[in-house]
Amino acid sequence: MSNKSFSLGEIAEFLNAELRGDSQTRISGLNTLLNAGSGELAFLANEKYVSQLADSSAEAVILSAKHIDESQSTAGSYSGALLLLDNPYLGYAQISQWFDPAPTLVPGIHPSAVVDKTAQIGANVAIGPNVVIEADAIIGADCYLGAGSTIGARSQLGEGARICANVSIYHDVSIGCRATLHSGAVIGADGFGFAPTGTGSWQKIYQIGGVVIGDNVEIGACSTIDRGALGDTRIGNGVIIDNHVQIAHNVVIGDNTAMAAYSAVAGSATIGRNCIFAGDACVVGHVNICDNVHIMARSLVTKSIDKPGAFSAVMPLMETREWRKNAVRISQLDSMARRLKALEKKQ
Amino acid sequence: MSNKSFSLGEIAEFLNAELRGDSQTRISGLNTLLNAGSGELAFLANEKYVSQLADSSAEAVILSAKHIDESQSTAGSYSGALLLLDNPYLGYAQISQWFDPAPTLVPGIHPSAVVDKTAQIGANVAIGPNVVIEADAIIGADCYLGAGSTIGARSQLGEGARICANVSIYHDVSIGCRATLHSGAVIGADGFGFAPTGTGSWQKIYQIGGVVIGDNVEIGACSTIDRGALGDTRIGNGVIIDNHVQIAHNVVIGDNTAMAAYSAVAGSATIGRNCIFAGDACVVGHVNICDNVHIMARSLVTKSIDKPGAFSAVMPLMETREWRKNAVRISQLDSMARRLKALEKKQ
Amino acid sequence: MSNKSFSLGEIAEFLNAELRGDSQTRISGLNTLLNAGSGELAFLANEKYVSQLADSSAEAVILSAKHIDESQSTAGSYSGALLLLDNPYLGYAQISQWFDPAPTLVPGIHPSAVVDKTAQIGANVAIGPNVVIEADAIIGADCYLGAGSTIGARSQLGEGARICANVSIYHDVSIGCRATLHSGAVIGADGFGFAPTGTGSWQKIYQIGGVVIGDNVEIGACSTIDRGALGDTRIGNGVIIDNHVQIAHNVVIGDNTAMAAYSAVAGSATIGRNCIFAGDACVVGHVNICDNVHIMARSLVTKSIDKPGAFSAVMPLMETREWRKNAVRISQLDSMARRLKALEKKQ
């Protein structure tokens, strides 16, 4: 898809890698060991793919020294160029941007965009068709706003933010530098706050707080971060959020926490730094989770967690026939436990 | 964020609260007991925050008589003004709208909006940039349509609806008065209906029903309500729906039911009035749930429920190491139950 | 909603059904047996609705021969016209398109659409207001693009695709013929790929693959299909996807697989053909599921499945009081199993 190409020398220099091969060789793409061909760079980061190296047709491979036969200065029978790094996966990640086929954007404001005259637009900003920017918004330098995205009154984007098509940002939202927000993301919608009126109906609680998001944050497609009821919802620096994630009002997420698809945090919960939420890992409201907690897929956190570690709550998969027999026993568990104890006493 | 301010006298009158303090005092914002400062109004609605009252710097506090020391007509050592109400939380909810920082909208049709000439637009309607309104749509008085939202042919909005940016409403959808729909919500997409052809593929069933939504409904960001296959999907009055909720075709939701994020109801299920769905509470298709049922977080309803009450089905969280040991036993439960019974017989 | 009408003769011919009744009778709508009235066509596809036939006021009913009393050539006391088919449900599905109230679209490009001059637009394409089509995109004949939808650079739509309002398609995405994409769907957003830097933060892995989607695919509202990290995410022919579904990077989905709302497949998993995922059925990354696997609602697949069949993993619903007693025992299961075994040994 891309017609970019770079020399192995340039790549080695950027990655600070030891190159064993011709520095003039051109690289025009990245691929897996298995699929890489002429002109393509691959990487070996996982022990279980070592066997794929011998047969790889990659032009060059990023790998670590432990996979080199130092007596021959080669990686077994693989005959292409080598780029040696302590952390090949990180090297692959770092070089991946060079081969990103996403269109580069020409700074400027598309004539169909509707930009309030009180908004401040930084240098080199690219504003796509049908973008709407409301009063007193501030768009930092080098931002990109994709078609149809909307920025509410008084909201701010730090430098270098990439807002994809059809993103909705409400009023009074602050987003740090170098954020990426994918299509369909919604930042600053009302938190879900209602008071019972006493007659069965609900009185809306207007959500008068905002959202404050740090630097270097990624937010996936169709993910939502609600504004605070009172005070702000806060997302730390370096937080990475996948698609369909829900962050409720007044949640606080610590720096560098990662949340896979369908993760959710209910209102006023606080999540520490460097946590990892696997897919569909959810947290009820008003609890605290400390730093370095790993929640496994589809697990619901119902209480605060005050020590680092891995936590799970997922039913194991069975054939439906087996599952039917066993699932019915779950509602008998308390009885079984009592009967077991009674038997033990009789012994 | 707001530069609105109101006197305590005005607020007391609106809330029908007993004011103990200076009616001329200006209030410019709402905040929590802990964070409120000069010029800010707080509330005490939950017994567990009583201890925060003494140290609160709030200008005034909404609270109930039971927290007043009537001998001194004060709330302990808290020295600010008091607004007495039987239901302080409801009072806070009611007054919150006065401090809502959401931009007020000037009625009118933005020149970039595309409004079919057969559409009927009521008085004082504010139509934002790039809004699209198709043929024979009817927009009630005092509605707000945010940038990029679309209203399909023959669809109707009652008076005072607030449609946020990038909401998609298909054709033949009827929405009552004073609805709020948040960004990314989709109303009237096709229900998921397909007939097996007998050769492995699927024949689409065109969804020829519509969606009928009552008055005073809130629908969160990225929530979806599908149109009916035959006949309509129906949402009652006063229903409140959080983000990422899915309502399938021909579902019926009774008045004032509340559904937290990721709640979902599969096709043709009927949900009663005044039900509460916690986050990720889901219901399979074709079942009936009576009024006043409370489904706990992450619980799946697989059968009809015909009596009010609370229902749960969530695996408890464990450290992953513990979870591994126990989870494997779930598939042995039926065997364990049988063996336990056999032991009991031998006694 | 519709003022279309067709004769029973036309309908019988299209469905290849045996008509017992007046071929000139006009049919103006479809409805259920229970609700159908004059001029409406109903169907009897499920044994449990046989009893509704006698009282149906439908003008005509699609049903199978087994519900006919051949001695009288009638369906019991039901007195309307009959359309006999081996598969009445399929017949209903096939005829449903004739009564679809969705507005028909006039080919042409709305003046507010922004179409790059290098894009190729096929014959009879209808491009709605505010649609954005980027450089080198290719739009096949007879496509419909709803208001506010965006098509990225070099992306392709096969003939007859229906893209509803506010759909976001990124660059380098290929979609086959006759696809339907509902509002809020996002195709080609970045997969969730990040490498740990070793200092707690994350290095983004640019997602340089694309998305390739086959023919006759339906994708529901707010569903997301991410682009590949290296190589493409691939969706087969005839795959049907409900709302809020997540397909991660480099997933492969086989032909005719059906995925209900909230189904999700994590990165690099491979799903076979003719699988059925009930609502919220999810699959972890890097596993393989063979053809003809049926995953029940809310079940998480954590390992590869290599034989067809039905699989489940859902906690049964209990009254919360009962659930509390039993759920606490789940963390004691391993202990219970060991104690049970000990007792058995003593016998």
# chains A, B, ... in the order shown; residues from 1 in each chain; ligands from 1

$ residues_around --residues "Lys204 in chain C" --least-positions-apart "3" --cutoff "12 Å" --atoms "only C-alpha atoms" --output "VMD selection string"
(chain A and resid 89 to 97 100 178 to 180 216 to 218 238 to 241 258) or (chain C and resid 190 to 197 201 207 to 208 229)

$ write_last_selection --atoms "C-alpha atoms" --output "PDB file, in the first residue's frame"
ATOM      1  CA  TYR A  89       9.587  -6.277  19.595  1.00  0.00           C
ATOM      2  CA  LEU A  90      10.130  -2.726  20.744  1.00  0.00           C
ATOM      3  CA  GLY A  91      12.346  -2.138  17.721  1.00  0.00           C
ATOM      4  CA  TYR A  92       9.618  -3.386  15.407  1.00  0.00           C
ATOM      5  CA  ALA A  93       7.117  -1.101  17.178  1.00  0.00           C
ATOM      6  CA  GLN A  94       9.420   1.900  16.829  1.00  0.00           C
ATOM      7  CA  ILE A  95      10.115   1.397  13.152  1.00  0.00           C
ATOM      8  CA  SER A  96       6.459   0.619  12.312  1.00  0.00           C
ATOM      9  CA  GLN A  97       5.599   4.290  12.001  1.00  0.00           C
ATOM     10  CA  ASP A 100       2.363   3.523   8.181  1.00  0.00           C
ATOM     11  CA  ARG A 178      -0.087  13.494  20.890  1.00  0.00           C
ATOM     12  CA  ALA A 179      -3.446  11.841  21.604  1.00  0.00           C
ATOM     13  CA  THR A 180      -4.996   9.523  19.052  1.00  0.00           C
ATOM     14  CA  ASN A 216       0.237  10.285  24.739  1.00  0.00           C
ATOM     15  CA  VAL A 217      -3.174   8.703  25.168  1.00  0.00           C
ATOM     16  CA  GLU A 218      -4.841   6.423  22.630  1.00  0.00           C
ATOM     17  CA  GLY A 238       0.205   7.226  28.418  1.00  0.00           C
ATOM     18  CA  VAL A 239      -3.107   5.444  29.003  1.00  0.00           C
ATOM     19  CA  ILE A 240      -4.064   3.177  26.101  1.00  0.00           C
ATOM     20  CA  ILE A 241      -7.719   2.362  25.531  1.00  0.00           C
ATOM     21  CA  ALA A 258      -3.944  -0.356  29.346  1.00  0.00           C
TER      22      ALA A 258
ATOM     23  CA  ASP C 190      -5.959   0.855  14.315  1.00  0.00           C
ATOM     24  CA  GLY C 191      -5.666  -2.516  15.971  1.00  0.00           C
ATOM     25  CA  PHE C 192      -4.739  -2.316  19.647  1.00  0.00           C
ATOM     26  CA  GLY C 193      -1.017  -2.938  19.349  1.00  0.00           C
ATOM     27  CA  PHE C 194       1.582  -1.540  21.712  1.00  0.00           C
ATOM     28  CA  ALA C 195       4.991  -2.752  22.856  1.00  0.00           C
ATOM     29  CA  PRO C 196       6.091  -2.206  26.468  1.00  0.00           C
ATOM     30  CA  THR C 197       9.044   0.153  26.469  1.00  0.00           C
ATOM     31  CA  SER C 201       5.001   3.264  29.085  1.00  0.00           C
ATOM     32  CA  GLN C 207      -1.065  -0.799  12.075  1.00  0.00           C
ATOM     33  CA  ILE C 208       0.044  -1.091   8.516  1.00  0.00           C
ATOM     34  CA  ALA C 229      -0.960  -4.898  12.251  1.00  0.00           C
TER      35      ALA C 229
END

$ residues_around --residues "range 7-23 of chain B" --least-positions-apart "5" --cutoff "9 Å" --atoms "only C-alpha atoms" --output "PyMOL selection string"
chain B and resi 28+60+62+73-74+80-86+91-92+94-95

$ interface_residues --of "chain A" --to "chain B" --cutoff "8 Å" --atoms "only C-alpha atoms" --output "count of residues only"
60

$ atom_distance --atom1 "CA of Val287 in chain C" --atom2 "CA of Pro308 in chain C"
15.0 Å

$ select_by_dssp --residues "range 225-344 of chain C" --states "alpha helix (DSSP H)" --output "PyMOL selection string"
chain C and resi 320-330+333-344

$ write_last_selection --atoms "C-alpha atoms" --output "PDB file, in the first residue's frame"
ATOM      1  CA  THR C 320     -29.357 -12.292  44.693  1.00  0.00           C
ATOM      2  CA  ARG C 321     -29.851 -13.740  48.179  1.00  0.00           C
ATOM      3  CA  GLU C 322     -29.289 -17.261  46.880  1.00  0.00           C
ATOM      4  CA  TRP C 323     -26.494 -16.133  44.630  1.00  0.00           C
ATOM      5  CA  ARG C 324     -24.576 -14.604  47.535  1.00  0.00           C
ATOM      6  CA  LYS C 325     -24.607 -17.874  49.451  1.00  0.00           C
ATOM      7  CA  ASN C 326     -23.533 -19.934  46.492  1.00  0.00           C
ATOM      8  CA  ALA C 327     -21.067 -17.563  44.867  1.00  0.00           C
ATOM      9  CA  VAL C 328     -18.903 -17.484  47.961  1.00  0.00           C
ATOM     10  CA  ARG C 329     -18.583 -21.269  47.680  1.00  0.00           C
ATOM     11  CA  ILE C 330     -16.999 -21.020  44.240  1.00  0.00           C
ATOM     12  CA  LEU C 333     -14.530 -25.469  45.230  1.00  0.00           C
ATOM     13  CA  ASP C 334     -11.033 -26.840  45.080  1.00  0.00           C
ATOM     14  CA  SER C 335     -11.047 -27.411  48.812  1.00  0.00           C
ATOM     15  CA  MET C 336     -14.457 -29.076  48.608  1.00  0.00           C
ATOM     16  CA  ALA C 337     -13.276 -31.380  45.850  1.00  0.00           C
ATOM     17  CA  ARG C 338     -10.239 -32.440  47.867  1.00  0.00           C
ATOM     18  CA  ARG C 339     -12.255 -32.999  51.011  1.00  0.00           C
ATOM     19  CA  LEU C 340     -14.817 -35.027  49.117  1.00  0.00           C
ATOM     20  CA  LYS C 341     -12.063 -37.223  47.757  1.00  0.00           C
ATOM     21  CA  ALA C 342     -10.637 -37.695  51.241  1.00  0.00           C
ATOM     22  CA  LEU C 343     -14.008 -38.805  52.533  1.00  0.00           C
ATOM     23  CA  GLU C 344     -14.376 -41.268  49.691  1.00  0.00           C
TER      24      GLU C 344
END

$ select_by_dssp --residues "range 259-291 of chain C" --states "strand (DSSP E)" --output "JSON, numbers by chain"
{"C": [259, 264, 265, 270, 271, 276, 277, 282, 283, 288, 289]}

$ atom_distance --atom1 "CA of Gly210 in chain B" --atom2 "CA of Ile247 in chain B"
12.8 Å
